[in-house]
Amino acid sequence: LYNKQGNHPKALEYYQKSLQLNEELGNKRGMSDCLNNIGLLYDKQGNHPKALEYYQKSLQLNEELSDRKGIAACLNNIGIIYRKQGDFSKAIEYNLNSLEIREELGDKRGISSCLKNNGIVYEELGNYPKALEYFQKSLQIKQEIGDKRGICSSFFNIGTVCLKTYQYDKALDYTLKALVIARELELLEMLKDIHEQLSKIYAETNNYRKAYEHY
């Protein structure tokens with residue numbers, strides 16, 4: 001609850017207490033979940049070294065438990081941190097390791113997440129064709145499983161790459177598709193990013209009135 005409310009210090013306090021209790025009980029599954037949640041909190045706060053530390057501890061426990069799903073989730077989270085730290089080769093390595101496990105498990109939601117994360121890495125590297133390839137594969141799976149929030153995110157990501165590669169018609173089309181879903185689901189943070197992107201697209205195509213509307 002505190003995490004959802006954005007009260008990270010209070011959430012951290014509760015997770016630390018829960019971690020201590022699970023340690024006393026010798027409950028490795030509970031410990032792993034707590035460590036992962038603490039890692040997520042540090043990630044949200046921008047404390048990437050601390051997030052990495054907790055994700056790696058969670059990974060170690062999942063390996064001890066032979067929990068393939070948990071291992072894949074930790075590898076995915078670690079890959080995200082390495083990307084945020086600018087270590088793209090490690091980010092790709094961890095993403096692909098996570099992807100391999102999730103494919104073995106048939107975890108479609110997890111597969112789409114790994115594909116998206118690799119797309120973001122290649123986008124940041126400036127390899128836009130590769131980024132687009134990963135985003136489109138991720139979108140296809142999200143559509144298969146009916147993940148509307150994920151579809152919205154994929155449309156936005158594809159729109160971003162199209163904008164960066166001067167494909168303004170496609171950029172507008174995908175970003176407007178994202179806008180429809182974001183409004184429907186009331187994704188406030190996503191709406192902010194979408195309006196900002198639409199403003200850029202309209203400005204690039206000299207439609208300044210529209211650009212101002214979304215600014």
# chains A, B, ... in the order shown; residues from 1 in each chain; ligands from 1
$ residues_around --residues "Ala171 in chain A" --least-positions-apart "6" --cutoff "8 Å" --atoms "only C-alpha atoms" --output "ChimeraX atom specification"
/A:158-163,201
$ residues_around --residues "Cys74 in chain A" --least-positions-apart "4" --cutoff "9 Å" --atoms "only C-alpha atoms" --output "list in words"
Asn36, Tyr55, Gln56, Ser58, Leu59, Asn62, Lys69, Gly70, Ile78, Gly79 and Ser98 of chain A
$ write_last_selection --atoms "N, CA, C and O atoms" --output "mmCIF file, in the first residue's frame"
data_model
loop_
_atom_site.group_PDB
_atom_site.id
_atom_site.type_symbol
_atom_site.label_atom_id
_atom_site.label_comp_id
_atom_site.auth_asym_id
_atom_site.auth_seq_id
_atom_site.Cartn_x
_atom_site.Cartn_y
_atom_site.Cartn_z
ATOM 1 N N ASN A 36 13.593 -8.538 -3.409
ATOM 2 C CA ASN A 36 13.222 -8.025 -4.734
ATOM 3 C C ASN A 36 12.427 -6.723 -4.604
ATOM 4 O O ASN A 36 12.662 -5.754 -5.330
ATOM 5 N N TYR A 55 18.722 -6.977 -5.717
ATOM 6 C CA TYR A 55 18.311 -7.895 -6.787
ATOM 7 C C TYR A 55 19.239 -9.106 -6.840
ATOM 8 O O TYR A 55 18.790 -10.233 -7.064
ATOM 9 N N GLN A 56 20.540 -8.857 -6.643
ATOM 10 C CA GLN A 56 21.504 -9.966 -6.709
ATOM 11 C C GLN A 56 21.336 -10.927 -5.532
ATOM 12 O O GLN A 56 21.490 -12.138 -5.676
ATOM 13 N N SER A 58 18.445 -11.438 -4.058
ATOM 14 C CA SER A 58 17.212 -12.155 -4.390
ATOM 15 C C SER A 58 17.493 -13.245 -5.418
ATOM 16 O O SER A 58 16.975 -14.368 -5.314
ATOM 17 N N LEU A 59 18.326 -12.934 -6.398
ATOM 18 C CA LEU A 59 18.703 -13.906 -7.427
ATOM 19 C C LEU A 59 19.374 -15.127 -6.804
ATOM 20 O O LEU A 59 19.057 -16.272 -7.148
ATOM 21 N N ASN A 62 16.795 -17.323 -5.175
ATOM 22 C CA ASN A 62 15.995 -18.017 -6.196
ATOM 23 C C ASN A 62 16.766 -19.168 -6.827
ATOM 24 O O ASN A 62 16.178 -20.203 -7.160
ATOM 25 N N LYS A 69 11.199 -19.194 -12.508
ATOM 26 C CA LYS A 69 10.437 -17.967 -12.739
ATOM 27 C C LYS A 69 11.049 -16.799 -11.946
ATOM 28 O O LYS A 69 11.181 -15.684 -12.456
ATOM 29 N N GLY A 70 11.407 -17.080 -10.705
ATOM 30 C CA GLY A 70 12.033 -16.059 -9.859
ATOM 31 C C GLY A 70 13.400 -15.641 -10.389
ATOM 32 O O GLY A 70 13.740 -14.454 -10.370
ATOM 33 N N ILE A 78 17.873 -6.998 -12.983
ATOM 34 C CA ILE A 78 19.301 -6.649 -12.993
ATOM 35 C C ILE A 78 19.682 -6.038 -14.337
ATOM 36 O O ILE A 78 20.419 -5.050 -14.399
ATOM 37 N N GLY A 79 19.134 -6.603 -15.421
ATOM 38 C CA GLY A 79 19.378 -6.051 -16.761
ATOM 39 C C GLY A 79 18.922 -4.606 -16.873
ATOM 40 O O GLY A 79 19.605 -3.765 -17.478
ATOM 41 N N SER A 98 17.342 -13.904 -19.188
ATOM 42 C CA SER A 98 15.973 -13.917 -18.659
ATOM 43 C C SER A 98 14.998 -14.391 -19.739
ATOM 44 O O SER A 98 14.110 -15.209 -19.476
#
$ select_by_dssp --residues "chain A" --states "alpha helix (DSSP H)" --output "number ranges by chain"
A: 8-25, 28-44, 48-64, 68-84, 88-105, 108-125, 128-145, 148-164, 168-185, 188-204, 208-213
$ atom_distance --atom1 "CA of Val180 in chain A" --atom2 "CA of Lys210 in chain A"
16.8 Å
$ residues_around --residues "Ala73 in chain A" --least-positions-apart "5" --cutoff "12 Å" --atoms "only C-alpha atoms" --output "number ranges by chain"
A: 32-33, 36-37, 40, 55-56, 58-59, 62-63, 67-68, 78-80, 94-102, 107, 109-111, 113-114
$ atom_distance --atom1 "CA of Lys164 in chain A" --atom2 "CA of Gln45 in chain A"
28.3 Å
$ residues_around --residues "Asn127 in chain A" --least-positions-apart "5" --cutoff "12 Å" --atoms "only C-alpha atoms" --output "count of residues only"
11
$ closest_residue --among "A:Tyr15, A:Phe135, A:Tyr128, A:Tyr42" --to "Leu115 in chain A" --atoms "only C-alpha atoms"
A:Phe135
$ residues_around --residues "Thr175 in chain A" --least-positions-apart "3" --cutoff "12 Å" --atoms "only C-alpha atoms" --output "NGL selection string"
:A and (151-163 or 168-172 or 178-182 or 190-191 or 193-202)
$ write_last_selection --atoms "C-alpha atoms" --output "mmCIF file, in the first residue's frame"
data_model
loop_
_atom_site.group_PDB
_atom_site.id
_atom_site.type_symbol
_atom_site.label_atom_id
_atom_site.label_comp_id
_atom_site.auth_asym_id
_atom_site.auth_seq_id
_atom_site.Cartn_x
_atom_site.Cartn_y
_atom_site.Cartn_z
ATOM 1 C CA ILE A 151 0.101 -2.449 -25.729
ATOM 2 C CA CYS A 152 -0.069 1.254 -24.855
ATOM 3 C CA SER A 153 3.595 1.220 -23.809
ATOM 4 C CA SER A 154 4.612 -0.626 -27.005
ATOM 5 C CA PHE A 155 2.734 1.825 -29.239
ATOM 6 C CA PHE A 156 4.509 4.676 -27.457
ATOM 7 C CA ASN A 157 7.947 3.033 -27.785
ATOM 8 C CA ILE A 158 7.451 2.375 -31.503
ATOM 9 C CA GLY A 159 6.235 5.964 -31.929
ATOM 10 C CA THR A 160 9.398 7.220 -30.211
ATOM 11 C CA VAL A 161 11.682 5.275 -32.561
ATOM 12 C CA CYS A 162 9.693 6.479 -35.597
ATOM 13 C CA LEU A 163 10.072 10.073 -34.365
ATOM 14 C CA TYR A 168 6.573 11.428 -38.630
ATOM 15 C CA ASP A 169 3.361 9.893 -40.045
ATOM 16 C CA LYS A 170 4.090 6.556 -38.369
ATOM 17 C CA ALA A 171 5.221 8.293 -35.176
ATOM 18 C CA LEU A 172 1.930 10.193 -35.025
ATOM 19 C CA ALA A 178 -1.132 4.972 -27.283
ATOM 20 C CA LEU A 179 -3.110 8.088 -26.331
ATOM 21 C CA VAL A 180 -6.481 6.325 -26.814
ATOM 22 C CA ILE A 181 -5.508 3.466 -24.464
ATOM 23 C CA ALA A 182 -3.811 5.727 -21.901
ATOM 24 C CA MET A 190 1.972 7.740 -19.508
ATOM 25 C CA LEU A 191 -0.396 10.506 -20.687
ATOM 26 C CA ASP A 193 4.856 11.396 -21.848
ATOM 27 C CA ILE A 194 2.425 10.882 -24.734
ATOM 28 C CA HIS A 195 1.370 14.550 -24.842
ATOM 29 C CA GLU A 196 5.039 15.572 -24.747
ATOM 30 C CA GLN A 197 5.807 13.245 -27.667
ATOM 31 C CA LEU A 198 2.808 14.476 -29.676
ATOM 32 C CA SER A 199 3.963 18.055 -29.133
ATOM 33 C CA LYS A 200 7.400 17.160 -30.543
ATOM 34 C CA ILE A 201 5.891 15.366 -33.561
ATOM 35 C CA TYR A 202 3.590 18.288 -34.405
#
$ atom_distance --atom1 "CA of Pro49 in chain A" --atom2 "CA of Gly26 in chain A"
26.3 Å
